[in-house]
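Structure file start-v8.cif (mmCIF, C-alpha atoms and all ligand atoms) follows.
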```
data_coords
#
loop_
_atom_site.label_atom_id
_atom_site.label_comp_id
_atom_site.auth_asym_id
_atom_site.auth_seq_id
_atom_site.Cartn_x
_atom_site.Cartn_y
_atom_site.Cartn_z
CA MET A 1 -1.94 12.29 -1.49
CA ARG A 2 -4.48 10.78 0.87
CA VAL A 3 -5.40 7.10 0.42
CA THR A 4 -8.54 5.75 2.06
CA THR A 5 -9.16 2.01 1.99
CA THR A 6 -10.97 -0.67 3.92
CA VAL A 7 -8.43 -3.02 5.44
CA ASN A 8 -9.59 -6.13 7.26
CA GLY A 9 -13.04 -4.61 7.60
CA THR A 10 -11.92 -1.25 9.01
CA GLU A 11 -11.53 2.04 7.19
CA GLN A 12 -7.90 3.11 7.10
CA VAL A 13 -6.60 6.50 5.99
CA ALA A 14 -3.00 7.21 5.04
CA ASP A 15 -1.90 10.80 4.49
CA ASP A 16 1.09 12.21 2.61
CA VAL A 17 1.42 9.10 0.47
CA TRP A 18 3.95 9.56 -2.30
CA PRO A 19 2.57 8.45 -5.72
CA GLY A 20 5.38 5.89 -6.10
CA GLU A 21 4.64 4.10 -2.84
CA SER A 22 3.38 0.55 -3.06
CA LEU A 23 0.35 -0.79 -1.27
CA LEU A 24 2.76 -3.06 0.60
CA TYR A 25 4.69 -0.06 1.94
CA VAL A 26 1.50 1.70 2.99
CA LEU A 27 0.17 -1.39 4.78
CA ARG A 28 3.42 -2.04 6.62
CA GLU A 29 4.77 1.42 7.30
CA ARG A 30 1.72 3.65 7.47
CA MET A 31 -1.08 1.36 8.65
CA GLY A 32 0.84 -0.74 11.18
CA LEU A 33 0.20 -4.08 9.46
CA PRO A 34 3.59 -5.81 9.08
CA GLY A 35 2.14 -9.28 8.41
CA SER A 36 2.61 -9.03 4.64
CA LYS A 37 6.32 -9.41 4.04
CA ASN A 38 8.64 -7.48 1.77
CA ALA A 39 11.10 -9.99 0.33
CA CYS A 40 11.72 -9.05 -3.32
CA GLU A 41 9.57 -6.00 -4.11
CA GLN A 42 9.46 -7.22 -7.70
CA GLY A 43 6.44 -9.49 -7.84
CA GLU A 44 8.63 -12.61 -7.83
CA CYS A 45 8.20 -14.22 -4.41
CA GLY A 46 4.57 -13.83 -3.32
CA SER A 47 5.43 -13.04 0.30
CA CYS A 48 3.40 -9.80 0.09
CA THR A 49 0.19 -11.46 -1.17
CA VAL A 50 -3.04 -9.80 0.01
CA TYR A 51 -6.62 -9.81 -1.24
CA LEU A 52 -7.60 -6.70 -3.22
CA ASP A 53 -11.36 -6.69 -3.79
CA GLY A 54 -11.29 -10.45 -3.21
CA GLU A 55 -8.47 -11.22 -5.65
CA PRO A 56 -5.01 -12.24 -4.42
CA VAL A 57 -2.37 -9.76 -5.61
CA CYS A 58 1.26 -8.98 -4.88
CA ALA A 59 0.94 -5.84 -2.77
CA CYS A 60 4.44 -4.75 -3.80
CA LEU A 61 3.20 -4.35 -7.39
CA VAL A 62 0.09 -2.33 -6.54
CA ALA A 63 0.58 1.45 -6.41
CA ALA A 64 -0.91 2.84 -3.22
CA GLY A 65 -3.19 5.13 -5.25
CA GLN A 66 -4.71 2.11 -6.99
CA ALA A 67 -5.98 0.93 -3.60
CA GLN A 68 -8.09 4.07 -3.10
CA GLY A 69 -11.63 3.11 -2.10
CA ARG A 70 -10.95 -0.61 -2.37
CA ASP A 71 -11.27 -3.53 -0.02
CA ILE A 72 -8.11 -5.20 1.25
CA VAL A 73 -7.67 -8.28 3.40
CA THR A 74 -4.22 -9.08 4.74
CA VAL A 75 -2.97 -12.17 6.55
CA GLU A 76 -3.86 -10.43 9.82
CA GLY A 77 -7.48 -10.23 8.66
CA LEU A 78 -7.87 -13.98 8.25
CA ALA A 79 -7.74 -14.63 12.00
CA GLU A 80 -11.05 -14.15 13.78
CA GLY A 81 -11.72 -13.22 17.40
CA GLY A 82 -8.10 -13.79 18.37
CA GLU A 83 -8.13 -17.32 16.93
CA LEU A 84 -5.90 -18.35 14.05
CA HIS A 85 -7.72 -19.22 10.83
CA PRO A 86 -7.68 -23.00 10.20
CA VAL A 87 -5.21 -22.46 7.33
CA GLN A 88 -2.88 -20.53 9.65
CA GLN A 89 -3.27 -23.20 12.33
CA ALA A 90 -2.46 -25.96 9.84
CA PHE A 91 0.76 -24.19 8.81
CA VAL A 92 1.84 -24.03 12.46
CA GLU A 93 0.92 -27.66 13.23
CA THR A 94 2.64 -29.19 10.21
CA GLY A 95 5.90 -27.30 10.67
CA ALA A 96 5.36 -25.35 7.44
CA VAL A 97 6.65 -22.19 9.13
CA GLN A 98 10.42 -21.96 9.46
CA CYS A 99 11.85 -18.45 9.04
CA GLY A 100 8.27 -17.39 8.30
CA PHE A 101 9.07 -14.87 5.60
CA CYS A 102 7.06 -16.65 2.92
CA THR A 103 4.29 -17.72 5.29
CA PRO A 104 1.87 -14.75 5.11
CA GLY A 105 1.75 -14.92 1.32
CA LEU A 106 1.40 -18.68 1.30
CA VAL A 107 -1.39 -18.54 3.85
CA VAL A 108 -3.34 -16.04 1.73
CA ALA A 109 -2.72 -18.07 -1.45
CA ALA A 110 -3.75 -21.32 0.28
CA HIS A 111 -6.83 -19.62 1.74
CA ASP A 112 -7.80 -18.46 -1.75
CA LEU A 113 -7.29 -21.95 -3.18
CA LEU A 114 -9.41 -23.62 -0.51
CA THR A 115 -12.16 -21.05 -1.00
CA ARG A 116 -12.30 -21.87 -4.71
CA VAL A 117 -11.42 -25.60 -4.56
CA PRO A 118 -12.31 -27.13 -1.18
CA ARG A 119 -10.58 -30.50 -1.85
CA PRO A 120 -7.66 -29.71 -4.15
CA SER A 121 -5.43 -32.40 -5.63
CA ASP A 122 -1.67 -32.14 -5.09
CA PRO A 123 -1.12 -30.75 -8.61
CA GLU A 124 -3.81 -28.13 -7.94
CA ILE A 125 -2.09 -27.15 -4.70
CA ARG A 126 1.28 -26.91 -6.42
CA GLU A 127 -0.16 -24.82 -9.22
CA ALA A 128 -1.99 -22.47 -6.85
CA LEU A 129 1.16 -21.90 -4.79
CA ALA A 130 3.56 -21.70 -7.74
CA GLY A 131 3.96 -17.95 -7.34
CA ASN A 132 5.02 -18.23 -3.69
CA LEU A 133 8.67 -18.98 -3.06
CA CYS A 134 10.04 -20.58 0.10
CA ARG A 135 13.74 -20.97 0.77
CA CYS A 136 13.44 -23.03 3.93
CA THR A 137 10.90 -25.84 3.91
CA GLY A 138 11.38 -27.71 0.65
CA TYR A 139 7.62 -27.21 0.18
CA GLU A 140 6.61 -30.66 1.46
CA LYS A 141 5.38 -29.32 4.81
CA ILE A 142 3.54 -26.54 3.03
CA LEU A 143 1.69 -29.18 1.00
CA ASP A 144 0.96 -31.01 4.27
CA ALA A 145 -0.47 -27.79 5.71
CA VAL A 146 -2.83 -27.25 2.79
CA ARG A 147 -3.93 -30.91 2.84
CA LEU A 148 -4.61 -30.69 6.58
CA ALA A 149 -6.56 -27.44 6.23
CA ALA A 150 -8.62 -28.97 3.41
CA GLU A 151 -9.33 -32.07 5.50
CA ARG A 152 -10.49 -30.00 8.47
CA GLN A 153 -12.56 -27.75 6.25
CA ALA A 154 -14.33 -30.84 4.84
CA GLN A 155 -15.13 -32.08 8.36
CA ALA A 156 -16.40 -28.71 9.64
S1 LIG B 201 7.71 -8.79 -2.07
FE1 LIG B 201 6.04 -8.75 -3.45
S2 LIG B 201 6.32 -10.49 -4.70
FE2 LIG B 201 8.09 -10.45 -3.43
S1 LIG B 202 9.83 -20.59 5.81
FE1 LIG B 202 11.57 -19.39 5.29
S2 LIG B 202 11.18 -18.76 3.24
FE2 LIG B 202 9.59 -20.14 3.69
#
```
The structure given in the file should be rewritten as structure tokens.
Amino acid sequence: MRVTTTVNGTEQVADDVWPGESLLYVLRERMGLPGSKNACEQGECGSCTVYLDGEPVCACLVAAGQAQGRDIVTVEGLAEGGELHPVQQAFVETGAVQCGFCTPGLVVAAHDLLTRVPRPSDPEIREALAGNLCRCTGYEKILDAVRLAAERQAQA
């Protein structure tokens, strides 16, 4: 099966896609976009989070065929003109990236939160990121990253 999608603003075509393949597999293995991580493949960890028509989803739970004709933004697509997105930059600066496996999904989830709620409270941040698991950081630095990104967004 052929799957045609728009990924990060560019049309992407994948041929010979098996009906059981996930969107995550197609992005990573067929479209050369390894930013979204494959940690559990069961919708439990959030490390594969991407936008699908503007909604954050676990790409491991989306069948590749369901992505036909739709608009996808991955963590790679948040950076602009070779510059990290302010959310990505905040994760780096606050030490919220350790092994980095959870980071792409957290960055997309935090980006979505700050788009909807520019100055989130701590409980709102925790709730928005509840579906994203991190085994390294203890989450405190991730909260710092979202607070910093929100602060910078408010000053911009
Ligand atoms: S790899 Fe998709 S939720 Fe864990
Ligand atoms: S930084 Fe390692 S899982 Fe989060």
Counting all atoms listed in the file, which residues in chain A sit no more than 10 Å from ligand LIG 201 (chain B)? For each one, give the nearest pair of atoms and the distance in Å, sorted by chain then residue number, as JSON lines.
```
{"residue": "A:Ser22", "atom": "CA", "partner": "B:LIG201", "partner_atom": "FE1", "distance": 9.7}
{"residue": "A:Leu24", "atom": "CA", "partner": "B:LIG201", "partner_atom": "FE1", "distance": 7.7}
{"residue": "A:Ser36", "atom": "CA", "partner": "B:LIG201", "partner_atom": "S1", "distance": 8.4}
{"residue": "A:Lys37", "atom": "CA", "partner": "B:LIG201", "partner_atom": "S1", "distance": 6.3}
{"residue": "A:Asn38", "atom": "CA", "partner": "B:LIG201", "partner_atom": "S1", "distance": 4.2}
{"residue": "A:Ala39", "atom": "CA", "partner": "B:LIG201", "partner_atom": "S1", "distance": 4.3}
{"residue": "A:Cys40", "atom": "CA", "partner": "B:LIG201", "partner_atom": "FE2", "distance": 3.9}
{"residue": "A:Glu41", "atom": "CA", "partner": "B:LIG201", "partner_atom": "S1", "distance": 3.9}
{"residue": "A:Gln42", "atom": "CA", "partner": "B:LIG201", "partner_atom": "S2", "distance": 5.4}
{"residue": "A:Gly43", "atom": "CA", "partner": "B:LIG201", "partner_atom": "S2", "distance": 3.3}
{"residue": "A:Glu44", "atom": "CA", "partner": "B:LIG201", "partner_atom": "S2", "distance": 4.4}
{"residue": "A:Cys45", "atom": "CA", "partner": "B:LIG201", "partner_atom": "FE2", "distance": 3.9}
{"residue": "A:Gly46", "atom": "CA", "partner": "B:LIG201", "partner_atom": "S2", "distance": 4.0}
{"residue": "A:Ser47", "atom": "CA", "partner": "B:LIG201", "partner_atom": "FE2", "distance": 5.3}
{"residue": "A:Cys48", "atom": "CA", "partner": "B:LIG201", "partner_atom": "FE1", "distance": 4.5}
{"residue": "A:Thr49", "atom": "CA", "partner": "B:LIG201", "partner_atom": "FE1", "distance": 6.8}
{"residue": "A:Val50", "atom": "CA", "partner": "B:LIG201", "partner_atom": "FE1", "distance": 9.8}
{"residue": "A:Val57", "atom": "CA", "partner": "B:LIG201", "partner_atom": "FE1", "distance": 8.7}
{"residue": "A:Cys58", "atom": "CA", "partner": "B:LIG201", "partner_atom": "FE1", "distance": 5.0}
{"residue": "A:Ala59", "atom": "CA", "partner": "B:LIG201", "partner_atom": "FE1", "distance": 5.9}
{"residue": "A:Cys60", "atom": "CA", "partner": "B:LIG201", "partner_atom": "FE1", "distance": 4.3}
{"residue": "A:Leu61", "atom": "CA", "partner": "B:LIG201", "partner_atom": "FE1", "distance": 6.6}
{"residue": "A:Val62", "atom": "CA", "partner": "B:LIG201", "partner_atom": "FE1", "distance": 9.3}
{"residue": "A:Phe101", "atom": "CA", "partner": "B:LIG201", "partner_atom": "S1", "distance": 9.9}
{"residue": "A:Cys102", "atom": "CA", "partner": "B:LIG201", "partner_atom": "FE2", "distance": 8.9}
{"residue": "A:Gly105", "atom": "CA", "partner": "B:LIG201", "partner_atom": "S2", "distance": 8.8}
{"residue": "A:Gly131", "atom": "CA", "partner": "B:LIG201", "partner_atom": "S2", "distance": 8.3}
{"residue": "A:Asn132", "atom": "CA", "partner": "B:LIG201", "partner_atom": "S2", "distance": 7.9}
{"residue": "A:Leu133", "atom": "CA", "partner": "B:LIG201", "partner_atom": "FE2", "distance": 8.6}
```
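In this comparison, which uses all atoms listed in the file, the residue of A:Arg147, A:Arg135, A:Arg126, A:Arg152 approaching ligand LIG 202 (chain B) most closely is A:Arg135.
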Please tabulate, as a tab-separated table, the residues of chain A that come within 6 Å of ligand LIG 202 (chain B), each with its closest pair of atoms and the distance in Å to one decimal, counting all atoms listed in the file and ordering rows by chain, then residue number upward.
```
residue	atom	partner	partner_atom	distance
A:Val97	CA	B:LIG202	S1	4.9
A:Gln98	CA	B:LIG202	S1	3.9
A:Cys99	CA	B:LIG202	FE1	3.9
A:Gly100	CA	B:LIG202	S1	4.3
A:Phe101	CA	B:LIG202	S2	5.0
A:Cys102	CA	B:LIG202	FE2	4.4
A:Cys134	CA	B:LIG202	FE2	3.6
A:Arg135	CA	B:LIG202	S2	4.2
A:Cys136	CA	B:LIG202	FE1	4.3
A:Thr137	CA	B:LIG202	S1	5.7
```
Contacts of Val87 of chain A at 8 Å (all atoms listed in the file; same-chain gap of 2+ positions) as a ChimeraX atom specification: /A:84-85,89-91,107,110-111,145-146,149
Please report the interatomic distance between atom CA of Val17 of chain A and atom CA of Asp112 of chain A in Å with one decimal.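 So the answer is 29.1 Å.
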As AutoDock Vina command-line options: centre and edge lengths in Å, one decimal, of the axis-aligned box holding segment 91-97 of chain A with 5 Å per side:
```
--center_x 3.7 --center_y -25.7 --center_z 10.3 --size_x 15.9 --size_y 17.0 --size_z 15.8
```
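With distances restricted to all atoms listed in the file, A:Ala128 is the closest residue to Arg116 of chain A from A:Arg28, A:Asp144, A:Pro34, A:Ala128.
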For Gly35 of chain A, which residue among A:Leu106, A:Ala67, A:Ala130, A:Met1 is the nearest when counting only C-alpha atoms?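 Closest to Gly35 of chain A, using only C-alpha atoms: A:Leu106.
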re atom CA of Leu113 of chain A and atom CA of Leu78 of chain A: distance 13.9 Å
Please indicate the distance in Å from atom CA of Pro120 of chain A to atom CA of Gln155 of chain A, rounded to one decimal place.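 If I compute the distance from atom CA of Pro120 of chain A to atom CA of Gln155 of chain A, I get 14.8 Å.
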Which one of A:Gly9, A:Pro19, A:Pro123, A:Gly81 sits closest to Gly65 of chain A if you count all atoms listed in the file? A:Pro19
Nearest to Thr5 of chain A by atom-to-atom distance, counting all atoms listed in the file, from A:Val108, A:Leu23, A:Ile72, A:Leu33: A:Ile72
Of A:Thr4, A:Arg119, A:Ala109, A:Glu29, the one sitting nearest Gly69 of chain A when using all atoms listed in the file is A:Thr4
In file coordinates, which residues lie within 6 Å of (1.1, 3.0, -0.7) using all atoms listed in the file, given as a ChimeraX atom specification? /A:21-23,25-26,63-64
Export, as an mmCIF file, keeping the file's coordinate frame, the selected residues with C-alpha atoms.
```cif
data_model
loop_
_atom_site.group_PDB
_atom_site.id
_atom_site.type_symbol
_atom_site.label_atom_id
_atom_site.label_comp_id
_atom_site.auth_asym_id
_atom_site.auth_seq_id
_atom_site.Cartn_x
_atom_site.Cartn_y
_atom_site.Cartn_z
ATOM 1 C CA GLU A 21 4.640 4.100 -2.840
ATOM 2 C CA SER A 22 3.380 0.550 -3.060
ATOM 3 C CA LEU A 23 0.350 -0.790 -1.270
ATOM 4 C CA TYR A 25 4.690 -0.060 1.940
ATOM 5 C CA VAL A 26 1.500 1.700 2.990
ATOM 6 C CA ALA A 63 0.580 1.450 -6.410
ATOM 7 C CA ALA A 64 -0.910 2.840 -3.220
#
```
Can you complete the atoms of segment 46-57 of chain A to all heavy atoms and list them as a PDB file, in the coordinates of the input?
```
ATOM      1  N   GLY A  46       5.905 -13.600  -3.886  1.00  0.00           N
ATOM      2  CA  GLY A  46       4.570 -13.830  -3.320  1.00  0.00           C
ATOM      3  C   GLY A  46       4.446 -13.600  -1.827  1.00  0.00           C
ATOM      4  O   GLY A  46       3.362 -13.775  -1.267  1.00  0.00           O
ATOM      5  N   SER A  47       5.515 -13.178  -1.159  1.00  0.00           N
ATOM      6  CA  SER A  47       5.430 -13.040   0.300  1.00  0.00           C
ATOM      7  C   SER A  47       4.558 -11.853   0.726  1.00  0.00           C
ATOM      8  O   SER A  47       4.191 -11.749   1.895  1.00  0.00           O
ATOM      9  CB  SER A  47       6.819 -12.917   0.925  1.00  0.00           C
ATOM     10  OG  SER A  47       7.430 -11.741   0.493  1.00  0.00           O
ATOM     11  N   CYS A  48       4.208 -10.999  -0.211  1.00  0.00           N
ATOM     12  CA  CYS A  48       3.400  -9.800   0.090  1.00  0.00           C
ATOM     13  C   CYS A  48       1.942  -9.991  -0.342  1.00  0.00           C
ATOM     14  O   CYS A  48       1.206  -9.014  -0.419  1.00  0.00           O
ATOM     15  CB  CYS A  48       3.989  -8.609  -0.651  1.00  0.00           C
ATOM     16  SG  CYS A  48       3.939  -8.867  -2.448  1.00  0.00           S
ATOM     17  N   THR A  49       1.520 -11.232  -0.612  1.00  0.00           N
ATOM     18  CA  THR A  49       0.190 -11.460  -1.170  1.00  0.00           C
ATOM     19  C   THR A  49      -0.931 -11.017  -0.214  1.00  0.00           C
ATOM     20  O   THR A  49      -0.929 -11.384   0.965  1.00  0.00           O
ATOM     21  CB  THR A  49      -0.002 -12.963  -1.503  1.00  0.00           C
ATOM     22  OG1 THR A  49       1.059 -13.377  -2.352  1.00  0.00           O
ATOM     23  CG2 THR A  49      -1.329 -13.215  -2.200  1.00  0.00           C
ATOM     24  N   VAL A  50      -1.836 -10.218  -0.728  1.00  0.00           N
ATOM     25  CA  VAL A  50      -3.040  -9.800   0.010  1.00  0.00           C
ATOM     26  C   VAL A  50      -4.228  -9.920  -0.938  1.00  0.00           C
ATOM     27  O   VAL A  50      -4.051 -10.031  -2.155  1.00  0.00           O
ATOM     28  CB  VAL A  50      -2.938  -8.332   0.521  1.00  0.00           C
ATOM     29  CG1 VAL A  50      -1.758  -8.159   1.464  1.00  0.00           C
ATOM     30  CG2 VAL A  50      -2.855  -7.335  -0.641  1.00  0.00           C
ATOM     31  N   TYR A  51      -5.420  -9.890  -0.391  1.00  0.00           N
ATOM     32  CA  TYR A  51      -6.620  -9.810  -1.240  1.00  0.00           C
ATOM     33  C   TYR A  51      -6.907  -8.334  -1.543  1.00  0.00           C
ATOM     34  O   TYR A  51      -6.909  -7.497  -0.621  1.00  0.00           O
ATOM     35  CB  TYR A  51      -7.839 -10.361  -0.515  1.00  0.00           C
ATOM     36  CG  TYR A  51      -7.931 -11.864  -0.433  1.00  0.00           C
ATOM     37  CD1 TYR A  51      -7.758 -12.523   0.783  1.00  0.00           C
ATOM     38  CD2 TYR A  51      -8.252 -12.622  -1.544  1.00  0.00           C
ATOM     39  CE1 TYR A  51      -7.887 -13.908   0.881  1.00  0.00           C
ATOM     40  CE2 TYR A  51      -8.384 -14.009  -1.465  1.00  0.00           C
ATOM     41  CZ  TYR A  51      -8.200 -14.636  -0.253  1.00  0.00           C
ATOM     42  OH  TYR A  51      -8.328 -16.001  -0.154  1.00  0.00           O
ATOM     43  N   LEU A  52      -7.155  -8.039  -2.797  1.00  0.00           N
ATOM     44  CA  LEU A  52      -7.600  -6.700  -3.220  1.00  0.00           C
ATOM     45  C   LEU A  52      -8.945  -6.911  -3.909  1.00  0.00           C
ATOM     46  O   LEU A  52      -8.999  -7.571  -4.963  1.00  0.00           O
ATOM     47  CB  LEU A  52      -6.569  -6.085  -4.164  1.00  0.00           C
ATOM     48  CG  LEU A  52      -6.881  -4.689  -4.695  1.00  0.00           C
ATOM     49  CD1 LEU A  52      -6.912  -3.653  -3.581  1.00  0.00           C
ATOM     50  CD2 LEU A  52      -5.836  -4.276  -5.749  1.00  0.00           C
ATOM     51  N   ASP A  53     -10.002  -6.427  -3.307  1.00  0.00           N
ATOM     52  CA  ASP A  53     -11.360  -6.690  -3.790  1.00  0.00           C
ATOM     53  C   ASP A  53     -11.558  -8.187  -4.062  1.00  0.00           C
ATOM     54  O   ASP A  53     -12.117  -8.602  -5.090  1.00  0.00           O
ATOM     55  CB  ASP A  53     -11.663  -5.887  -5.070  1.00  0.00           C
ATOM     56  CG  ASP A  53     -11.837  -4.400  -4.774  1.00  0.00           C
ATOM     57  OD1 ASP A  53     -12.072  -4.049  -3.604  1.00  0.00           O
ATOM     58  OD2 ASP A  53     -11.733  -3.608  -5.718  1.00  0.00           O
ATOM     59  N   GLY A  54     -11.056  -9.005  -3.141  1.00  0.00           N
ATOM     60  CA  GLY A  54     -11.290 -10.450  -3.210  1.00  0.00           C
ATOM     61  C   GLY A  54     -10.339 -11.227  -4.090  1.00  0.00           C
ATOM     62  O   GLY A  54     -10.419 -12.456  -4.143  1.00  0.00           O
ATOM     63  N   GLU A  55      -9.425 -10.537  -4.771  1.00  0.00           N
ATOM     64  CA  GLU A  55      -8.470 -11.220  -5.650  1.00  0.00           C
ATOM     65  C   GLU A  55      -7.086 -11.174  -5.020  1.00  0.00           C
ATOM     66  O   GLU A  55      -6.634 -10.088  -4.619  1.00  0.00           O
ATOM     67  CB  GLU A  55      -8.385 -10.516  -7.014  1.00  0.00           C
ATOM     68  CG  GLU A  55      -9.584 -10.687  -7.909  1.00  0.00           C
ATOM     69  CD  GLU A  55      -9.801 -12.135  -8.337  1.00  0.00           C
ATOM     70  OE1 GLU A  55      -8.805 -12.824  -8.603  1.00  0.00           O
ATOM     71  OE2 GLU A  55     -10.968 -12.567  -8.350  1.00  0.00           O
ATOM     72  N   PRO A  56      -6.372 -12.304  -4.962  1.00  0.00           N
ATOM     73  CA  PRO A  56      -5.010 -12.240  -4.420  1.00  0.00           C
ATOM     74  C   PRO A  56      -4.082 -11.480  -5.371  1.00  0.00           C
ATOM     75  O   PRO A  56      -4.107 -11.724  -6.580  1.00  0.00           O
ATOM     76  CB  PRO A  56      -4.572 -13.705  -4.335  1.00  0.00           C
ATOM     77  CG  PRO A  56      -5.738 -14.519  -4.726  1.00  0.00           C
ATOM     78  CD  PRO A  56      -6.758 -13.643  -5.373  1.00  0.00           C
ATOM     79  N   VAL A  57      -3.322 -10.547  -4.807  1.00  0.00           N
ATOM     80  CA  VAL A  57      -2.370  -9.760  -5.610  1.00  0.00           C
ATOM     81  C   VAL A  57      -1.071  -9.630  -4.824  1.00  0.00           C
ATOM     82  O   VAL A  57      -1.056  -9.794  -3.598  1.00  0.00           O
ATOM     83  CB  VAL A  57      -2.899  -8.328  -5.898  1.00  0.00           C
ATOM     84  CG1 VAL A  57      -4.160  -8.354  -6.753  1.00  0.00           C
ATOM     85  CG2 VAL A  57      -3.144  -7.542  -4.601  1.00  0.00           C
TER      86      VAL A  57
END
```
